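Student: Data: work.txt, compact mmCIF, N, CA and C atoms.
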# COMPACT_ATOMS: atom_id res chain seq x y z
N MET A 685 -17.93 11.56 -12.66
CA MET A 685 -19.27 12.02 -12.89
C MET A 685 -19.87 12.49 -11.56
N VAL A 686 -20.57 13.61 -11.55
CA VAL A 686 -21.19 14.17 -10.35
C VAL A 686 -22.70 14.18 -10.55
N TYR A 687 -23.42 13.69 -9.54
CA TYR A 687 -24.88 13.69 -9.58
C TYR A 687 -25.41 14.63 -8.50
N ARG A 688 -26.47 15.33 -8.84
CA ARG A 688 -27.11 16.23 -7.89
C ARG A 688 -28.38 15.58 -7.37
N LEU A 689 -28.54 15.54 -6.06
CA LEU A 689 -29.73 14.97 -5.45
C LEU A 689 -30.87 15.97 -5.59
N SER A 690 -31.93 15.59 -6.30
CA SER A 690 -33.04 16.52 -6.51
C SER A 690 -34.16 16.34 -5.50
N LYS A 691 -34.12 15.28 -4.72
CA LYS A 691 -35.16 15.05 -3.74
C LYS A 691 -34.52 14.51 -2.47
N ALA A 692 -34.70 15.23 -1.36
CA ALA A 692 -34.15 14.77 -0.10
C ALA A 692 -34.96 13.58 0.41
N LEU A 693 -34.27 12.64 1.02
CA LEU A 693 -34.92 11.44 1.53
C LEU A 693 -35.09 11.55 3.03
N TYR A 694 -36.14 10.91 3.54
CA TYR A 694 -36.34 10.91 4.98
C TYR A 694 -35.16 10.22 5.64
N GLY A 695 -34.75 10.72 6.77
CA GLY A 695 -33.62 10.17 7.47
C GLY A 695 -32.35 10.98 7.26
N LEU A 696 -32.30 11.76 6.21
CA LEU A 696 -31.14 12.61 5.99
C LEU A 696 -31.26 13.88 6.83
N GLY A 697 -30.15 14.46 7.17
CA GLY A 697 -30.16 15.65 8.01
C GLY A 697 -30.88 16.84 7.41
N GLN A 698 -30.86 16.97 6.09
CA GLN A 698 -31.46 18.12 5.43
C GLN A 698 -32.91 17.88 5.00
N ALA A 699 -33.49 16.72 5.29
CA ALA A 699 -34.85 16.40 4.83
C ALA A 699 -35.89 17.41 5.33
N PRO A 700 -35.92 17.78 6.62
CA PRO A 700 -36.93 18.75 7.06
C PRO A 700 -36.77 20.11 6.38
N ARG A 701 -35.53 20.53 6.19
CA ARG A 701 -35.29 21.82 5.54
C ARG A 701 -35.75 21.79 4.09
N ALA A 702 -35.43 20.71 3.38
CA ALA A 702 -35.82 20.58 1.98
C ALA A 702 -37.35 20.53 1.86
N TRP A 703 -38.01 19.83 2.78
CA TRP A 703 -39.46 19.74 2.76
C TRP A 703 -40.07 21.11 3.01
N ASN A 704 -39.51 21.87 3.96
CA ASN A 704 -40.01 23.20 4.28
C ASN A 704 -39.83 24.15 3.10
N ILE A 705 -38.73 24.06 2.40
CA ILE A 705 -38.49 24.91 1.23
C ILE A 705 -39.53 24.61 0.15
N GLN A 706 -39.80 23.33 -0.09
CA GLN A 706 -40.81 22.94 -1.09
C GLN A 706 -42.20 23.42 -0.69
N LEU A 707 -42.55 23.25 0.58
CA LEU A 707 -43.87 23.67 1.06
C LEU A 707 -44.00 25.19 0.94
N ASP A 708 -42.97 25.93 1.34
CA ASP A 708 -42.96 27.39 1.25
C ASP A 708 -43.17 27.84 -0.19
N LYS A 709 -42.45 27.22 -1.10
CA LYS A 709 -42.56 27.57 -2.53
C LYS A 709 -43.97 27.31 -3.04
N SER A 710 -44.56 26.16 -2.69
CA SER A 710 -45.89 25.81 -3.16
C SER A 710 -46.96 26.73 -2.59
N LEU A 711 -46.85 27.05 -1.31
CA LEU A 711 -47.85 27.93 -0.70
C LEU A 711 -47.79 29.33 -1.31
N LYS A 712 -46.59 29.82 -1.55
CA LYS A 712 -46.45 31.14 -2.17
C LYS A 712 -47.00 31.15 -3.59
N GLU A 713 -46.82 30.04 -4.33
CA GLU A 713 -47.39 29.93 -5.68
C GLU A 713 -48.91 29.97 -5.67
N HIS A 714 -49.52 29.56 -4.56
CA HIS A 714 -50.97 29.55 -4.43
C HIS A 714 -51.51 30.79 -3.71
N GLY A 715 -50.71 31.84 -3.63
CA GLY A 715 -51.17 33.11 -3.11
C GLY A 715 -51.07 33.31 -1.61
N PHE A 716 -50.39 32.42 -0.91
CA PHE A 716 -50.23 32.58 0.53
C PHE A 716 -49.05 33.49 0.82
N THR A 717 -49.10 34.18 1.95
CA THR A 717 -48.03 35.05 2.40
C THR A 717 -47.52 34.54 3.73
N ARG A 718 -46.20 34.45 3.87
CA ARG A 718 -45.59 33.97 5.10
C ARG A 718 -45.56 35.09 6.14
N CYS A 719 -45.94 34.77 7.36
CA CYS A 719 -45.93 35.73 8.47
C CYS A 719 -44.48 36.06 8.85
N SER A 720 -44.18 37.34 9.03
CA SER A 720 -42.80 37.72 9.35
C SER A 720 -42.43 37.40 10.80
N GLN A 721 -43.43 37.34 11.70
CA GLN A 721 -43.14 37.05 13.10
C GLN A 721 -43.08 35.56 13.40
N GLU A 722 -43.88 34.76 12.70
CA GLU A 722 -43.95 33.32 12.94
C GLU A 722 -43.80 32.62 11.60
N GLN A 723 -42.64 32.04 11.35
CA GLN A 723 -42.30 31.49 10.05
C GLN A 723 -43.16 30.29 9.64
N ALA A 724 -43.88 29.67 10.57
CA ALA A 724 -44.71 28.52 10.24
C ALA A 724 -46.15 28.90 9.93
N VAL A 725 -46.47 30.21 9.93
CA VAL A 725 -47.84 30.67 9.69
C VAL A 725 -47.92 31.36 8.34
N TYR A 726 -48.92 30.95 7.56
CA TYR A 726 -49.18 31.54 6.25
C TYR A 726 -50.62 32.04 6.22
N THR A 727 -50.86 33.13 5.51
CA THR A 727 -52.22 33.66 5.38
C THR A 727 -52.53 33.90 3.91
N ARG A 728 -53.84 33.89 3.63
CA ARG A 728 -54.28 34.20 2.26
C ARG A 728 -55.68 34.78 2.35
N GLY A 729 -55.78 36.09 2.26
CA GLY A 729 -57.08 36.76 2.22
C GLY A 729 -57.96 36.43 3.41
N GLU A 730 -59.27 36.50 3.18
CA GLU A 730 -60.24 36.21 4.22
C GLU A 730 -61.09 35.03 3.81
N GLY A 731 -61.75 34.43 4.79
CA GLY A 731 -62.63 33.31 4.51
C GLY A 731 -61.88 32.00 4.49
N ASP A 732 -62.54 30.97 3.96
CA ASP A 732 -61.94 29.64 3.91
C ASP A 732 -60.83 29.59 2.87
N ALA A 733 -59.70 29.07 3.26
CA ALA A 733 -58.57 28.90 2.35
C ALA A 733 -58.28 27.41 2.23
N ALA A 734 -58.79 26.80 1.19
CA ALA A 734 -58.60 25.36 1.01
C ALA A 734 -57.50 25.09 0.01
N LEU A 735 -56.72 24.05 0.27
CA LEU A 735 -55.68 23.63 -0.66
C LEU A 735 -56.13 22.35 -1.33
N ASN A 736 -56.31 22.40 -2.63
CA ASN A 736 -56.69 21.20 -3.37
C ASN A 736 -55.73 21.02 -4.55
N TYR A 737 -54.60 20.46 -4.26
CA TYR A 737 -53.66 20.11 -5.31
C TYR A 737 -52.83 18.94 -4.84
N GLY A 738 -52.30 18.18 -5.76
CA GLY A 738 -51.70 16.90 -5.44
C GLY A 738 -50.21 16.88 -5.17
N LYS A 739 -49.57 18.01 -4.99
CA LYS A 739 -48.13 17.99 -4.76
C LYS A 739 -47.77 17.41 -3.39
N PHE A 740 -48.62 17.67 -2.40
CA PHE A 740 -48.41 17.15 -1.05
C PHE A 740 -49.64 16.35 -0.63
N GLU A 741 -49.40 15.27 0.07
CA GLU A 741 -50.52 14.51 0.62
C GLU A 741 -50.89 15.15 1.95
N MET A 742 -52.17 15.54 2.06
CA MET A 742 -52.63 16.21 3.27
C MET A 742 -53.96 15.62 3.69
N ASN A 743 -54.21 15.67 4.97
CA ASN A 743 -55.49 15.27 5.53
C ASN A 743 -56.09 16.45 6.26
N ASN A 744 -57.39 16.64 6.13
CA ASN A 744 -58.08 17.69 6.86
C ASN A 744 -58.36 17.18 8.26
N LEU A 745 -57.70 17.75 9.24
CA LEU A 745 -57.85 17.31 10.62
C LEU A 745 -58.85 18.18 11.38
N GLY A 746 -59.55 19.04 10.67
CA GLY A 746 -60.53 19.92 11.32
C GLY A 746 -59.86 21.17 11.86
N PHE A 747 -60.59 21.86 12.72
CA PHE A 747 -60.06 23.09 13.30
C PHE A 747 -58.95 22.80 14.30
N LEU A 748 -57.98 23.68 14.34
CA LEU A 748 -56.91 23.60 15.32
C LEU A 748 -57.49 23.88 16.69
N TRP A 749 -57.19 23.04 17.68
CA TRP A 749 -57.70 23.28 19.02
C TRP A 749 -56.60 23.31 20.07
N TYR A 750 -55.38 22.86 19.74
CA TYR A 750 -54.27 22.87 20.67
C TYR A 750 -52.97 22.92 19.87
N TYR A 751 -52.07 23.86 20.20
CA TYR A 751 -50.83 24.00 19.46
C TYR A 751 -49.74 24.50 20.40
N LEU A 752 -48.70 23.70 20.62
CA LEU A 752 -47.55 24.07 21.45
C LEU A 752 -47.96 24.61 22.81
N GLY A 753 -48.91 23.94 23.46
CA GLY A 753 -49.35 24.35 24.79
C GLY A 753 -50.36 25.47 24.80
N ILE A 754 -50.77 25.93 23.64
CA ILE A 754 -51.74 27.02 23.56
C ILE A 754 -53.08 26.44 23.12
N GLU A 755 -54.12 26.70 23.91
CA GLU A 755 -55.46 26.26 23.56
C GLU A 755 -56.05 27.24 22.57
N VAL A 756 -56.66 26.73 21.50
CA VAL A 756 -57.20 27.57 20.43
C VAL A 756 -58.69 27.32 20.31
N GLU A 757 -59.47 28.39 20.37
CA GLU A 757 -60.92 28.30 20.17
C GLU A 757 -61.28 29.16 18.96
N GLN A 758 -61.92 28.55 17.97
CA GLN A 758 -62.24 29.27 16.73
C GLN A 758 -63.75 29.34 16.54
N LYS A 759 -64.24 30.53 16.30
CA LYS A 759 -65.64 30.78 15.96
C LYS A 759 -65.66 31.67 14.73
N LYS A 760 -66.81 31.86 14.17
CA LYS A 760 -66.92 32.70 12.98
C LYS A 760 -66.51 34.14 13.31
N GLY A 761 -65.46 34.60 12.68
CA GLY A 761 -65.01 35.98 12.83
C GLY A 761 -63.98 36.22 13.93
N TRP A 762 -63.63 35.20 14.73
CA TRP A 762 -62.63 35.41 15.77
C TRP A 762 -61.94 34.12 16.17
N ILE A 763 -60.76 34.29 16.75
CA ILE A 763 -59.97 33.17 17.27
C ILE A 763 -59.48 33.59 18.66
N LYS A 764 -59.68 32.71 19.65
CA LYS A 764 -59.23 32.97 21.02
C LYS A 764 -58.09 32.02 21.35
N LEU A 765 -56.98 32.59 21.88
CA LEU A 765 -55.83 31.81 22.31
C LEU A 765 -55.74 31.88 23.83
N LYS A 766 -55.61 30.71 24.49
CA LYS A 766 -55.53 30.67 25.95
C LYS A 766 -54.37 29.78 26.38
N GLN A 767 -53.82 30.07 27.54
CA GLN A 767 -52.79 29.22 28.13
C GLN A 767 -53.16 28.86 29.56
N SER A 768 -54.44 28.63 29.80
CA SER A 768 -54.90 28.34 31.15
C SER A 768 -54.31 27.03 31.69
N ALA A 769 -54.18 26.01 30.86
CA ALA A 769 -53.61 24.74 31.32
C ALA A 769 -52.15 24.94 31.74
N TYR A 770 -51.42 25.75 31.00
CA TYR A 770 -50.02 26.04 31.34
C TYR A 770 -49.95 26.83 32.65
N ALA A 771 -50.82 27.81 32.80
CA ALA A 771 -50.84 28.62 34.03
C ALA A 771 -51.15 27.74 35.24
N LYS A 772 -52.11 26.81 35.10
CA LYS A 772 -52.45 25.90 36.20
C LYS A 772 -51.27 25.00 36.54
N LYS A 773 -50.54 24.56 35.52
CA LYS A 773 -49.37 23.71 35.75
C LYS A 773 -48.30 24.46 36.53
N ILE A 774 -48.04 25.71 36.17
CA ILE A 774 -47.04 26.52 36.86
C ILE A 774 -47.47 26.79 38.30
N LEU A 775 -48.75 27.13 38.51
CA LEU A 775 -49.25 27.36 39.87
C LEU A 775 -49.09 26.10 40.72
N SER A 776 -49.41 24.96 40.14
CA SER A 776 -49.28 23.69 40.86
C SER A 776 -47.81 23.40 41.18
N GLN A 777 -46.94 23.67 40.23
CA GLN A 777 -45.51 23.41 40.40
C GLN A 777 -44.93 24.19 41.59
N PHE A 778 -45.44 25.40 41.82
CA PHE A 778 -44.93 26.24 42.90
C PHE A 778 -45.83 26.25 44.12
N GLY A 779 -46.73 25.27 44.21
CA GLY A 779 -47.59 25.13 45.38
C GLY A 779 -48.62 26.21 45.54
N MET A 780 -49.06 26.81 44.44
CA MET A 780 -50.04 27.89 44.50
C MET A 780 -51.34 27.55 43.79
N ALA A 781 -51.59 26.26 43.59
CA ALA A 781 -52.79 25.85 42.86
C ALA A 781 -54.07 26.25 43.56
N GLU A 782 -54.04 26.36 44.89
CA GLU A 782 -55.23 26.72 45.65
C GLU A 782 -55.24 28.19 46.06
N CYS A 783 -54.44 29.02 45.40
CA CYS A 783 -54.37 30.44 45.77
C CYS A 783 -55.67 31.15 45.39
N ASN A 784 -55.90 32.31 46.00
CA ASN A 784 -57.09 33.11 45.68
C ASN A 784 -56.83 33.88 44.40
N ALA A 785 -57.60 33.59 43.40
CA ALA A 785 -57.44 34.29 42.12
C ALA A 785 -58.06 35.68 42.21
N THR A 786 -57.49 36.61 41.50
CA THR A 786 -58.03 37.96 41.46
C THR A 786 -57.88 38.52 40.06
N LYS A 787 -58.79 39.39 39.71
CA LYS A 787 -58.74 40.00 38.39
C LYS A 787 -57.66 41.08 38.34
N TYR A 788 -57.45 41.75 39.47
CA TYR A 788 -56.49 42.84 39.55
C TYR A 788 -55.40 42.48 40.57
N PRO A 789 -54.14 42.60 40.22
CA PRO A 789 -53.06 42.19 41.12
C PRO A 789 -52.71 43.22 42.19
N ILE A 790 -53.62 44.12 42.53
CA ILE A 790 -53.38 45.15 43.54
C ILE A 790 -54.72 45.45 44.21
N GLU A 791 -54.65 45.90 45.45
CA GLU A 791 -55.88 46.25 46.15
C GLU A 791 -56.59 47.38 45.42
N LEU A 792 -57.92 47.29 45.35
CA LEU A 792 -58.70 48.36 44.75
C LEU A 792 -58.63 49.61 45.62
N LYS A 793 -58.56 50.76 45.01
CA LYS A 793 -58.52 52.07 45.66
C LYS A 793 -57.33 52.25 46.60
N LEU A 794 -56.26 51.52 46.37
CA LEU A 794 -55.05 51.67 47.17
C LEU A 794 -54.34 52.94 46.74
N ARG A 795 -53.99 53.80 47.71
CA ARG A 795 -53.29 55.04 47.39
C ARG A 795 -51.79 54.82 47.48
N LEU A 796 -51.09 55.15 46.42
CA LEU A 796 -49.64 55.03 46.39
C LEU A 796 -49.03 56.40 46.66
N HIS A 797 -47.95 56.43 47.43
CA HIS A 797 -47.29 57.68 47.77
C HIS A 797 -45.84 57.62 47.33
N LYS A 798 -45.31 58.79 47.01
CA LYS A 798 -43.92 58.88 46.60
C LYS A 798 -43.01 58.68 47.81
N ASP A 799 -41.98 57.85 47.63
CA ASP A 799 -40.99 57.61 48.69
C ASP A 799 -39.83 58.56 48.44
N SER A 800 -39.87 59.70 49.11
CA SER A 800 -38.84 60.72 48.86
C SER A 800 -37.47 60.30 49.38
N GLU A 801 -37.41 59.36 50.30
CA GLU A 801 -36.14 58.89 50.84
C GLU A 801 -35.65 57.62 50.15
N GLY A 802 -36.41 57.14 49.19
CA GLY A 802 -36.07 55.89 48.53
C GLY A 802 -34.89 55.99 47.59
N VAL A 803 -34.39 54.85 47.16
CA VAL A 803 -33.25 54.77 46.25
C VAL A 803 -33.77 54.87 44.82
N LEU A 804 -33.11 55.68 43.99
CA LEU A 804 -33.51 55.80 42.59
C LEU A 804 -33.21 54.51 41.85
N VAL A 805 -34.09 54.16 40.95
CA VAL A 805 -33.95 52.93 40.15
C VAL A 805 -33.89 53.31 38.69
N ASP A 806 -32.94 52.72 37.97
CA ASP A 806 -32.81 52.97 36.55
C ASP A 806 -33.75 52.04 35.80
N ALA A 807 -34.85 52.56 35.32
CA ALA A 807 -35.86 51.74 34.62
C ALA A 807 -35.57 51.77 33.13
N ILE A 808 -34.81 50.79 32.66
CA ILE A 808 -34.46 50.73 31.24
C ILE A 808 -35.48 49.92 30.51
Could you spell out this file's structure in structure tokens?
Tutor:
Amino acid sequence: MVYRLSKALYGLGQAPRAWNIQLDKSLKEHGFTRCSQEQAVYTRGEGDAALNYGKFEMNNLGFLWYYLGIEVEQKKGWIKLKQSAYAKKILSQFGMAECNATKYPIELKLRLHKDSEGVLVDAI
């Protein structure tokens, strides 16, 4: 006799994949569309998108403010993503935490001239 496992259990190697498949199926049934660039992002129209059904236990943790090192600021009509904490960490790591910050990485009104004797570079 052969039995088919219909529900993956925590601790098994395939549990996260099975959970993701179930979540994907449920979200699509409720009108969400999966983002093609980021597989963990789903969208559904505009405005508030609330999920009120009992297939998954969920808690409302409020607005997202930090995700994978990216700071998220949300206001009505816009979302700002920043990585300033990461940039400060990298500057500190390379001993540049006290460097002079500038908006433009080149001197203003600097005149550039063609180097006719220079070596050609293949810019692919």
Student: Could you check how far CA of Trp749 (chain A) sits from CA of Gln767 (chain A), in Å to one decimal?
Tutor: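 Interatomic distance, CA of Trp749 (chain A) to CA of Gln767 (chain A): 11.9 Å.
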Student: Just list the residues in region 749-792 of chain A DSSP gives alpha helix (DSSP H) on the backbone, as a PyMOL selection string.
Tutor: chain A and resi 768-777
Student: Can you tell me, as a list in words, what residues are no more than 12 Å from Lys764 (chain A) when counting only C-alpha atoms, ignoring any on the same chain fewer than 5 positions away?
Tutor: Leu748, Trp749, Tyr750, Ile754, Glu755, Val756, Glu757, Gln758 and Lys759 of chain A
Student: For atom C of Ala769 (chain A) and CA of Tyr788 (chain A), determine how far apart the two atoms are, in Å to one decimal place.
Tutor: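 Straight-line distance from atom C of Ala769 (chain A) to CA of Tyr788 (chain A) works out to 20.0 Å.
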